[in-house]
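Engineer: File target-v4.csv follows (CSV, C-alpha atoms):
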chain,number,residue,atom,x,y,z
L,897,MET,CA,17.4,115.4,174.3
L,898,THR,CA,14.9,112.6,174.6
L,899,ALA,CA,16.0,111.1,171.3
L,900,LEU,CA,19.6,111.3,172.2
L,901,LEU,CA,19.3,109.9,175.7
L,902,LEU,CA,17.0,107.0,174.7
L,903,VAL,CA,19.3,105.8,172.0
L,904,THR,CA,22.7,106.4,173.5
L,905,ARG,CA,22.2,106.3,177.3
L,906,GLU,CA,19.1,104.4,178.2
L,907,LEU,CA,19.6,101.6,175.6
L,908,ASP,CA,23.1,102.2,174.4
L,909,VAL,CA,22.2,100.9,170.9
L,910,GLN,CA,25.3,99.9,169.0
L,911,PRO,CA,26.0,100.3,165.2
L,912,GLY,CA,24.4,97.5,163.2
L,913,GLU,CA,21.8,96.7,165.9
L,914,TRP,CA,18.1,96.9,165.3
L,915,LEU,CA,16.1,99.5,167.2
L,916,LEU,CA,12.3,99.1,167.2
L,917,GLN,CA,10.3,102.2,167.8
L,918,THR,CA,6.6,103.2,167.8
L,919,ALA,CA,5.2,106.6,166.8
L,920,ALA,CA,7.9,107.0,164.3
L,921,GLY,CA,6.2,110.0,162.7
L,922,SER,CA,6.3,112.0,165.9
L,923,THR,CA,8.9,114.7,166.5
L,924,VAL,CA,11.0,112.4,168.8
L,925,GLY,CA,10.5,109.5,166.4
L,926,ARG,CA,11.9,111.5,163.5
L,927,LEU,CA,14.9,112.6,165.5
L,928,VAL,CA,15.5,109.0,166.5
L,929,ILE,CA,15.6,108.0,162.8
L,930,GLN,CA,18.1,110.8,162.0
L,931,LEU,CA,20.3,110.0,164.9
L,932,SER,CA,20.3,106.3,164.3
L,933,ARG,CA,21.2,106.8,160.6
L,934,HIS,CA,24.1,109.0,161.8
L,935,LEU,CA,25.3,106.3,164.3
L,936,GLY,CA,24.8,103.3,161.9
L,937,ILE,CA,21.8,101.9,163.8
L,938,ARG,CA,19.1,100.1,161.9
L,939,THR,CA,15.6,101.1,162.7
L,940,ILE,CA,12.2,99.4,162.5
L,941,ASN,CA,9.6,102.1,162.6
L,942,VAL,CA,6.0,101.6,163.6
L,943,VAL,CA,3.3,104.0,162.2
L,944,ARG,CA,-0.5,103.7,162.2
L,945,ARG,CA,-1.2,105.3,158.8
L,946,ARG,CA,-0.3,103.8,155.4
L,947,ASP,CA,0.3,107.3,154.0
L,948,ALA,CA,3.1,107.8,156.5
L,949,VAL,CA,5.2,104.8,155.3
L,950,GLU,CA,7.0,106.4,152.4
L,951,GLU,CA,7.6,109.6,154.3
L,952,ILE,CA,9.4,107.7,157.1
L,953,LYS,CA,11.5,105.7,154.5
L,954,ALA,CA,12.5,109.0,152.8
L,955,LEU,CA,13.6,110.3,156.2
L,956,GLY,CA,16.0,107.3,156.5
L,957,GLY,CA,14.0,104.7,158.3
L,958,ASP,CA,15.3,101.2,157.3
L,959,GLU,CA,12.0,99.4,157.8
L,960,VAL,CA,8.4,100.6,158.4
L,961,ILE,CA,5.5,98.7,159.8
L,962,CYS,CA,2.0,100.1,159.4
L,963,THR,CA,-0.4,98.7,162.0
L,964,GLN,CA,-3.3,99.8,159.9
L,965,ASP,CA,-2.9,96.7,157.7
L,966,GLU,CA,0.2,94.8,159.0
L,967,ASP,CA,0.8,92.5,161.9
L,968,LEU,CA,3.5,94.0,164.1
L,969,LEU,CA,4.8,90.7,165.6
L,970,GLN,CA,4.9,89.0,162.2
L,971,ARG,CA,6.7,91.8,160.5
L,972,VAL,CA,9.3,92.2,163.2
L,973,ALA,CA,10.1,88.5,163.0
L,974,GLU,CA,10.4,88.8,159.2
L,975,ILE,CA,12.7,91.8,159.4
L,976,ALA,CA,15.0,90.9,162.3
L,977,GLY,CA,15.0,87.1,161.8
L,978,THR,CA,15.7,84.5,164.4
L,979,ALA,CA,18.0,86.9,166.4
L,980,GLY,CA,15.1,89.2,167.0
L,981,VAL,CA,15.2,92.7,168.3
L,982,ARG,CA,16.7,93.3,171.7
L,983,LYS,CA,16.1,97.1,172.1
L,984,ALA,CA,12.9,99.1,171.6
L,985,ILE,CA,11.4,102.5,172.6
L,986,ASP,CA,7.7,103.0,172.8
L,987,CYS,CA,5.6,106.2,172.9
L,988,VAL,CA,2.2,104.6,172.4
L,989,ALA,CA,1.7,102.1,175.3
L,990,GLY,CA,-1.6,100.2,175.4
L,991,ASP,CA,-1.9,97.2,173.1
L,992,VAL,CA,0.8,98.4,170.8
L,993,GLY,CA,3.2,98.7,173.7
L,994,ALA,CA,2.4,95.2,174.7
L,995,GLN,CA,3.1,93.9,171.2
L,996,VAL,CA,6.4,95.7,171.2
L,997,SER,CA,7.3,93.8,174.4
L,998,GLN,CA,6.2,90.5,172.8
L,999,ALA,CA,8.3,91.2,169.7
L,1000,LEU,CA,11.5,91.5,171.8
L,1001,ALA,CA,14.1,88.8,171.7
L,1002,PRO,CA,14.8,87.0,175.1
L,1003,GLY,CA,16.7,89.4,177.3
L,1004,GLY,CA,15.4,92.4,175.3
L,1005,GLU,CA,14.3,95.7,176.8
L,1006,VAL,CA,11.8,98.4,175.9
L,1007,VAL,CA,11.8,101.9,177.3
L,1008,VAL,CA,8.4,103.6,177.4
L,1009,TYR,CA,8.5,107.4,177.2
L,1010,GLY,CA,5.0,108.2,176.2
L,1011,ALA,CA,1.4,106.9,176.1
L,1012,LEU,CA,-0.3,108.3,173.0
L,1013,SER,CA,-2.9,105.5,173.1
L,1014,THR,CA,-4.3,106.9,176.3
L,1015,HIS,CA,-5.2,110.3,174.8
L,1016,ARG,CA,-8.7,111.3,175.8
L,1017,GLN,CA,-9.2,107.9,177.4
L,1018,THR,CA,-11.0,107.3,180.7
L,1019,ASP,CA,-11.3,103.5,180.5
L,1020,PRO,CA,-8.8,102.0,182.9
L,1021,ALA,CA,-8.1,99.1,180.5
L,1022,ALA,CA,-7.0,101.7,177.9
L,1023,LEU,CA,-4.5,103.2,180.3
L,1024,THR,CA,-2.4,100.0,180.8
L,1025,ILE,CA,0.2,98.0,179.0
L,1026,PRO,CA,-1.0,94.3,179.2
L,1027,LEU,CA,2.2,92.3,179.5
L,1028,GLN,CA,2.5,88.6,179.2
L,1029,ALA,CA,3.9,87.3,182.5
L,1030,ARG,CA,5.5,84.2,181.0
L,1031,SER,CA,7.3,86.4,178.4
L,1032,VAL,CA,8.7,88.7,181.1
L,1033,ILE,CA,9.7,85.9,183.5
L,1034,TYR,CA,11.0,83.1,181.3
L,1035,GLU,CA,12.5,85.4,178.6
L,1036,THR,CA,13.7,87.9,181.2
L,1037,LYS,CA,12.4,90.9,179.2
L,1038,ALA,CA,12.5,94.3,180.8
L,1039,VAL,CA,10.0,97.2,180.5
L,1040,ARG,CA,10.9,100.5,182.1
L,1041,GLY,CA,10.0,104.2,181.8
L,1042,PHE,CA,11.8,107.4,180.9
L,1043,TRP,CA,10.8,111.0,181.5
L,1044,LEU,CA,13.2,113.8,180.6
L,1045,ASN,CA,12.2,116.0,183.5
L,1046,ARG,CA,13.1,113.3,185.9
L,1047,TRP,CA,16.4,112.7,184.1
L,1048,PHE,CA,17.3,116.3,184.5
L,1049,GLY,CA,16.4,116.1,188.2
L,1050,THR,CA,18.8,113.1,188.8
L,1051,ALA,CA,21.6,113.8,186.4
L,1052,SER,CA,24.7,115.7,187.6
L,1053,PRO,CA,25.1,119.3,186.2
L,1054,GLU,CA,28.2,118.1,184.3
L,1055,ASP,CA,26.3,115.2,182.7
L,1056,ALA,CA,23.3,117.5,181.8
L,1057,LEU,CA,25.6,120.1,180.2
L,1058,ARG,CA,27.5,117.4,178.4
L,1059,ALA,CA,24.3,116.0,176.9
L,1060,LEU,CA,23.0,119.5,176.0
L,1061,SER,CA,26.3,120.3,174.3
L,1062,GLN,CA,26.1,117.0,172.3
L,1063,VAL,CA,22.6,117.8,171.1
L,1064,ARG,CA,23.6,121.3,170.1
L,1065,GLY,CA,26.6,120.0,168.1
L,1066,LEU,CA,24.3,117.5,166.3
L,1067,VAL,CA,21.9,120.3,165.4
L,1068,VAL,CA,24.7,122.7,164.3
L,1069,ASP,CA,26.2,119.9,162.1
L,1070,GLY,CA,22.9,119.2,160.5
L,1071,VAL,CA,22.6,115.7,161.8
L,1072,LEU,CA,19.4,116.5,163.7
L,1073,ARG,CA,16.9,118.7,161.9
L,1074,ILE,CA,14.1,120.0,164.2
L,1075,PRO,CA,10.8,120.9,162.4
L,1076,GLN,CA,9.8,124.5,162.6
L,1077,GLY,CA,6.7,125.3,164.7
L,1078,GLN,CA,3.7,127.4,163.6
L,1079,PRO,CA,3.6,130.6,165.7
L,1080,PHE,CA,0.3,131.8,167.2
L,1081,PRO,CA,-0.4,134.9,169.3
L,1082,LEU,CA,-1.9,134.0,172.7
L,1083,GLU,CA,-5.4,135.4,171.7
L,1084,ARG,CA,-5.6,132.7,169.0
L,1085,PHE,CA,-5.2,129.9,171.6
L,1086,ILE,CA,-8.4,128.1,170.4
L,1087,GLU,CA,-7.0,127.8,166.9
L,1088,ALA,CA,-3.6,126.7,168.2
L,1089,ILE,CA,-5.2,124.0,170.4
L,1090,SER,CA,-7.4,122.9,167.4
L,1091,LEU,CA,-4.2,122.4,165.4
L,1092,ALA,CA,-2.5,120.5,168.2
L,1093,GLU,CA,-5.5,118.1,168.4
L,1094,THR,CA,-5.7,117.5,164.7
L,1095,PRO,CA,-4.3,114.0,163.7
L,1096,ALA,CA,-1.1,114.2,161.6
L,1097,HIS,CA,-1.0,118.0,161.9
L,1098,GLY,CA,2.7,117.9,160.9
L,1099,THR,CA,3.8,120.9,162.9
L,1100,LYS,CA,3.6,122.1,166.5
L,1101,PRO,CA,1.8,125.3,167.5
L,1102,LEU,CA,4.0,127.7,169.3
L,1103,PHE,CA,2.7,130.6,171.4
L,1104,VAL,CA,4.4,133.9,170.8
L,1105,PHE,CA,4.3,136.2,173.8
L,1106,GLU,CA,4.7,140.0,173.3
L,1107,ASP,CA,5.5,142.1,176.3
L,1108,GLY,CA,3.9,145.2,174.8
L,1109,ARG,CA,6.8,147.5,175.7
L,1110,GLY,CA,8.5,149.9,173.4
L,1111,GLU,CA,12.1,149.9,172.6
L,1112,ASP,CA,12.8,152.7,175.1
L,1113,ASP,CA,11.3,150.6,177.9
L,1114,ARG,CA,13.5,147.5,177.3
In structure tokens, how does this file's structure come out?
Structural biologist:
Amino acid sequence: MTALLLVTRELDVQPGEWLLQTAAGSTVGRLVIQLSRHLGIRTINVVRRRDAVEEIKALGGDEVICTQDEDLLQRVAEIAGTAGVRKAIDCVAGDVGAQVSQALAPGGEVVVYGALSTHRQTDPAALTIPLQARSVIYETKAVRGFWLNRWFGTASPEDALRALSQVRGLVVDGVLRIPQGQPFPLERFIEAISLAETPAHGTKPLFVFEDGRGEDDR
């Protein structure tokens, strides 16, 4: 739902346009790539590890920028040319989110839907997106947030059902492929949390709850 709404509703990205996204290797990032490829949208995908580049390209990402050894602003300029990128989504925030804002063309907009850079952070400076005022004012760039729970709280029942039906259709048709999770019984919660905290764990832990009742009690 987040991937669909960001691309088609929040930013209304059109076929042939560039879409810049951070955390391209995340679950939402991978779905954005799949959806964009289906809709004819070109993606510039930001990752932080060099070993993730080929994987993102194989998934269908048009261009990949690795912040481990590449300059984000320079690479976006090289890829998008003088026209620049007018639409972006960010799941990192912090300095990377600020660089995404700087990389936008005049009049561009970035929607922030996550803040991975703030994970386990307590320093107030690490919990902000340092924006350049001149860029926001004179180039009229926009930075705004998105949270799926809030969207569900404000959307009409008809609109929510329509979006859910669209997602279901994309999954049934094989356009969107959702990675399978790794099941854990609740008593193995320490192991599940350890997996979730491991960098590049590749799959999400899913708790499996058993009610303990027999067939005759159901």
Engineer: Between L:Val1068, L:Ala979, L:Leu969, L:Val943, which residue has the minimum interatomic distance to Ser997 in chain L, considering only C-alpha atoms?
Structural biologist: L:Leu969
Engineer: List as number ranges by chain the protein and nucleic acid residues near range 1089-1106 of chain L, meaning an atom at most 8 Å away when all atoms listed in the file are counted, but skip any in the same chain fewer than 4 places from it.
Structural biologist: L: 1075-1082, 1085
Engineer: May I have the residues from that selection written out with C-alpha atoms, as a PDB file, keeping the file's coordinate frame?
Structural biologist:
ATOM      1  CA  PRO L1075      10.800 120.900 162.400  1.00  0.00           C
ATOM      2  CA  GLN L1076       9.800 124.500 162.600  1.00  0.00           C
ATOM      3  CA  GLY L1077       6.700 125.300 164.700  1.00  0.00           C
ATOM      4  CA  GLN L1078       3.700 127.400 163.600  1.00  0.00           C
ATOM      5  CA  PRO L1079       3.600 130.600 165.700  1.00  0.00           C
ATOM      6  CA  PHE L1080       0.300 131.800 167.200  1.00  0.00           C
ATOM      7  CA  PRO L1081      -0.400 134.900 169.300  1.00  0.00           C
ATOM      8  CA  LEU L1082      -1.900 134.000 172.700  1.00  0.00           C
ATOM      9  CA  PHE L1085      -5.200 129.900 171.600  1.00  0.00           C
TER      10      PHE L1085
END
Engineer: In Å, rounded to a single decimal, give me how far CA of Leu935 in chain L is from CA of Gly912 in chain L.
Structural biologist: 8.9 Å
Engineer: Report, in Å to a single decimal, how far apart CA of Asp1069 in chain L and CA of Asn941 in chain L are.
Structural biologist: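 We find that CA of Asn941 in chain L and CA of Asp1069 in chain L lie 24.3 Å from each other.
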Engineer: Fewer than 3 positions away in the same chain doesn't count, so skip those; otherwise give me all residues within 9 Å of range 1000-1007 of chain L, counting all atoms listed in the file, as a PyMOL selection string.
Structural biologist: chain L and resi 902+906-907+916+972+978-987+993+995-997+1031-1032+1034-1042
Engineer: Quick one: of L:Ala976, L:His934, L:Glu1083, L:Leu1012, who's nearest to Ile1025 in chain L, counting only C-alpha atoms?
Structural biologist: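 Of L:Ala976, L:His934, L:Glu1083, L:Leu1012, the one nearest Ile1025 in chain L is L:Leu1012, counting only C-alpha atoms.
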Engineer: Would you mind reading off the distance between CA of Arg945 in chain L and CA of Trp914 in chain L, one decimal, in Å?
Structural biologist: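 We find that CA of Arg945 in chain L and CA of Trp914 in chain L lie 22.0 Å from each other.
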Engineer: In terms of the shortest atom-to-atom distance over only C-alpha atoms, which of L:Thr939, L:Gln1028, L:Gln1062, L:Gln998 is closest to Lys953 in chain L?
Structural biologist: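 Nearest to Lys953 in chain L: L:Thr939.
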Engineer: Using all atoms listed in the file for the distances, tell me which of L:Ala1011, L:Gly956, L:Thr963, L:Gly921 is nearest to Gly936 in chain L.
Structural biologist: L:Gly956
Engineer: Tell me which of L:Ser1052, L:Thr1014, L:Thr923, L:Ser932 sits closest to Thr904 in chain L, counting only C-alpha atoms.
Structural biologist: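 The shortest atom-to-atom distance to Thr904 in chain L comes from L:Ser932.
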Engineer: Could you check the closest approach to Val988 in chain L for each of L:Leu1044, L:Glu951, L:Ser1013, L:Ile975 and tell me which residue wins, using all atoms listed in the file?
Structural biologist: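 Residue with the minimum atom-to-atom distance to Val988 in chain L: L:Ser1013.
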Engineer: Which residues are near Ile1074 in chain L? Cut-off 12 Å, all atoms listed in the file, ignore same chain within fewer than 2 positions. Put them as a count of residues only.
Structural biologist: 23
